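Asker: I'd like to ask you about the structure that follows.
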Amino acid sequence: MRCVIARFPFDLTKSGVLESMKGIKPEPVTGDSVIIGRRHSPKQVGQVITRQDRRDFSAGEVLRAMAHLGFTCRILPESTPARIESPLQRASAMLGAPHLSV
């Protein structure tokens with residue numbers, strides 16, 4: 001299958017990718033990844049199959065190409081930003097809600 005990664009066309013096959021990744025120790029996953037065999041591989045897959053520097057392509061380009069070839073891709077959900085409370089809000093939450101007397 002013809003895939004474009006970093007503005008360069010590549011003719012990739014699933015078996016070719018599997019062969020290229022044989023014997024390559026996967027790096028720790030810190031973001032999106034592709035499952036090749038039983039291992040999760042991050043952007044490292046793109047570097048191995050294209051022989052280009054990782055700065056030349058995005059993880060999204062590699063994930064799209066691998067998904068088209070039939071590999072399972074894992075995309076980490078974006079984390080929600082931590083809620084910043086003022087000292088007054090924090091103290092109020094520690095004391096609890098006020099009780100209304102009737």
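Scheme for the structure tokens: letters A, B, ... for chains in order shown; per-chain residue numbers from 1; ligand numbers from 1 in order shown.
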Among the residues of chain A, find those DSSP assigns to helix (DSSP H, G or I) from the backbone and print them as a ChimeraX atom specification.
Answerer: /A:14-21,44-50,54-56,59-69,87-95
Asker: From a backbone DSSP assignment, name each residue in stretch 9-84 of chain A labelled strand (DSSP E or B), as a ChimeraX atom specification.
Answerer: /A:9-11,33-36,39-41,72-74
Asker: Can you write out the residues you just picked, keeping N, CA, C and O atoms, as a PDB file, in the first residue's frame?
Answerer:
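Output file result-v1.pdb follows:
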ATOM      1  N   PRO A   9       6.558   9.319  -0.424  1.00  0.00           N
ATOM      2  CA  PRO A   9       5.724   8.124  -0.599  1.00  0.00           C
ATOM      3  C   PRO A   9       6.500   6.852  -0.271  1.00  0.00           C
ATOM      4  O   PRO A   9       7.684   6.730  -0.588  1.00  0.00           O
ATOM      5  N   PHE A  10       5.818   5.922   0.374  1.00  0.00           N
ATOM      6  CA  PHE A  10       6.401   4.627   0.715  1.00  0.00           C
ATOM      7  C   PHE A  10       5.415   3.544   0.321  1.00  0.00           C
ATOM      8  O   PHE A  10       4.211   3.685   0.526  1.00  0.00           O
ATOM      9  N   ASP A  11       5.932   2.463  -0.239  1.00  0.00           N
ATOM     10  CA  ASP A  11       5.114   1.289  -0.528  1.00  0.00           C
ATOM     11  C   ASP A  11       5.318   0.316   0.626  1.00  0.00           C
ATOM     12  O   ASP A  11       6.360  -0.326   0.729  1.00  0.00           O
ATOM     13  N   SER A  33       0.519   4.952  20.217  1.00  0.00           N
ATOM     14  CA  SER A  33       1.376   3.836  19.829  1.00  0.00           C
ATOM     15  C   SER A  33       0.668   2.906  18.853  1.00  0.00           C
ATOM     16  O   SER A  33      -0.535   2.973  18.669  1.00  0.00           O
ATOM     17  N   VAL A  34       1.470   2.043  18.228  1.00  0.00           N
ATOM     18  CA  VAL A  34       0.995   1.021  17.304  1.00  0.00           C
ATOM     19  C   VAL A  34       1.316  -0.325  17.931  1.00  0.00           C
ATOM     20  O   VAL A  34       2.399  -0.512  18.482  1.00  0.00           O
ATOM     21  N   ILE A  35       0.384  -1.270  17.855  1.00  0.00           N
ATOM     22  CA  ILE A  35       0.641  -2.605  18.383  1.00  0.00           C
ATOM     23  C   ILE A  35       1.147  -3.466  17.227  1.00  0.00           C
ATOM     24  O   ILE A  35       0.437  -3.695  16.253  1.00  0.00           O
ATOM     25  N   ILE A  36       2.387  -3.896  17.357  1.00  0.00           N
ATOM     26  CA  ILE A  36       3.003  -4.750  16.341  1.00  0.00           C
ATOM     27  C   ILE A  36       3.358  -6.052  17.040  1.00  0.00           C
ATOM     28  O   ILE A  36       4.195  -6.068  17.932  1.00  0.00           O
ATOM     29  N   ARG A  39       3.649  -6.196  21.042  1.00  0.00           N
ATOM     30  CA  ARG A  39       4.347  -5.064  21.653  1.00  0.00           C
ATOM     31  C   ARG A  39       3.785  -3.737  21.169  1.00  0.00           C
ATOM     32  O   ARG A  39       3.416  -3.595  20.011  1.00  0.00           O
ATOM     33  N   HIS A  40       3.758  -2.784  22.074  1.00  0.00           N
ATOM     34  CA  HIS A  40       3.364  -1.421  21.741  1.00  0.00           C
ATOM     35  C   HIS A  40       4.622  -0.670  21.325  1.00  0.00           C
ATOM     36  O   HIS A  40       5.612  -0.673  22.045  1.00  0.00           O
ATOM     37  N   SER A  41       4.576  -0.051  20.182  1.00  0.00           N
ATOM     38  CA  SER A  41       5.718   0.714  19.704  1.00  0.00           C
ATOM     39  C   SER A  41       5.269   2.132  19.403  1.00  0.00           C
ATOM     40  O   SER A  41       4.310   2.331  18.665  1.00  0.00           O
ATOM     41  N   THR A  72      -3.340  -2.376  14.904  1.00  0.00           N
ATOM     42  CA  THR A  72      -4.133  -1.719  15.928  1.00  0.00           C
ATOM     43  C   THR A  72      -3.336  -0.544  16.484  1.00  0.00           C
ATOM     44  O   THR A  72      -2.169  -0.691  16.837  1.00  0.00           O
ATOM     45  N   CYS A  73      -3.962   0.604  16.549  1.00  0.00           N
ATOM     46  CA  CYS A  73      -3.309   1.807  17.064  1.00  0.00           C
ATOM     47  C   CYS A  73      -4.021   2.249  18.332  1.00  0.00           C
ATOM     48  O   CYS A  73      -5.242   2.198  18.428  1.00  0.00           O
ATOM     49  N   ARG A  74      -3.248   2.665  19.313  1.00  0.00           N
ATOM     50  CA  ARG A  74      -3.791   3.156  20.583  1.00  0.00           C
ATOM     51  C   ARG A  74      -3.500   4.641  20.690  1.00  0.00           C
ATOM     52  O   ARG A  74      -2.351   5.065  20.587  1.00  0.00           O
TER      53      ARG A  74
END
Asker: Could you jot down the atom CA of A:Gln52 to atom CA of A:Pro77 separation for me, Å, one decimal place?
Answerer: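 Rounded to one decimal, the two atoms are 27.1 Å apart.
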Asker: Ranking A:Gly96, A:Gly37, A:Gly60, A:Gly46 by minimum distance to A:Ser15 and counting only C-alpha atoms, which one comes first?
Answerer: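 Of the candidates, the smallest distance to A:Ser15 is held by A:Gly37.
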Asker: So, with only C-alpha atoms as the atoms that count, which of A:Met94, A:Glu61, A:Ser86, A:Phe71 lies closest to A:Arg7?
Answerer: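 Smallest separation from A:Arg7 among the options: A:Glu61.
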Asker: If we count only C-alpha atoms, what is near A:Phe57 at a cut-off of 12 Å, once residues fewer than 5 positions away on the same chain are taken out, given as a ChimeraX atom specification?
Answerer: /A:4-8,43-47,50-52,62-65
Asker: Mind writing the picked residues with C-alpha atoms as a PDB file, in the first residue's frame?
Answerer:
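As written to disk, part.pdb reads:
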ATOM      1  CA  VAL A   4       2.902   9.251   2.499  1.00  0.00           C
ATOM      2  CA  ILE A   5       4.980   9.968   5.573  1.00  0.00           C
ATOM      3  CA  ALA A   6       6.925  13.230   5.900  1.00  0.00           C
ATOM      4  CA  ARG A   7       5.940  14.163   2.321  1.00  0.00           C
ATOM      5  CA  PHE A   8       7.654  11.044   0.933  1.00  0.00           C
ATOM      6  CA  LYS A  43       6.969   6.773  16.911  1.00  0.00           C
ATOM      7  CA  GLN A  44       9.918   4.391  16.682  1.00  0.00           C
ATOM      8  CA  VAL A  45       8.014   2.384  14.038  1.00  0.00           C
ATOM      9  CA  GLY A  46       8.054   5.335  11.659  1.00  0.00           C
ATOM     10  CA  GLN A  47      11.760   5.800  12.114  1.00  0.00           C
ATOM     11  CA  THR A  50      11.110   5.101   6.701  1.00  0.00           C
ATOM     12  CA  ARG A  51      14.745   5.428   7.849  1.00  0.00           C
ATOM     13  CA  GLN A  52      14.039   9.096   8.568  1.00  0.00           C
ATOM     14  CA  VAL A  62       2.568   6.917  11.178  1.00  0.00           C
ATOM     15  CA  LEU A  63      -0.628   5.944  13.019  1.00  0.00           C
ATOM     16  CA  ARG A  64      -2.758   6.589   9.914  1.00  0.00           C
ATOM     17  CA  ALA A  65      -0.428   4.526   7.727  1.00  0.00           C
TER      18      ALA A  65
END
Asker: What's the 8 Å shell around A:Ser20, counting only C-alpha atoms, without same-chain residues fewer than 2 positions away, as number ranges by chain?
Answerer: A: 16-18, 22, 48-49
Asker: Just write the chosen residues, C-alpha atoms, as a PDB file, in the first residue's frame.
Answerer:
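What landed in selection.pdb:
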ATOM      1  CA  GLY A  16       7.167  -5.849   5.471  1.00  0.00           C
ATOM      2  CA  VAL A  17       6.542  -3.778   8.602  1.00  0.00           C
ATOM      3  CA  LEU A  18       6.521  -6.905  10.756  1.00  0.00           C
ATOM      4  CA  LYS A  22      11.761  -8.009  14.138  1.00  0.00           C
ATOM      5  CA  VAL A  48      12.502   2.126  11.390  1.00  0.00           C
ATOM      6  CA  ILE A  49      10.282   1.737   8.320  1.00  0.00           C
TER       7      ILE A  49
END
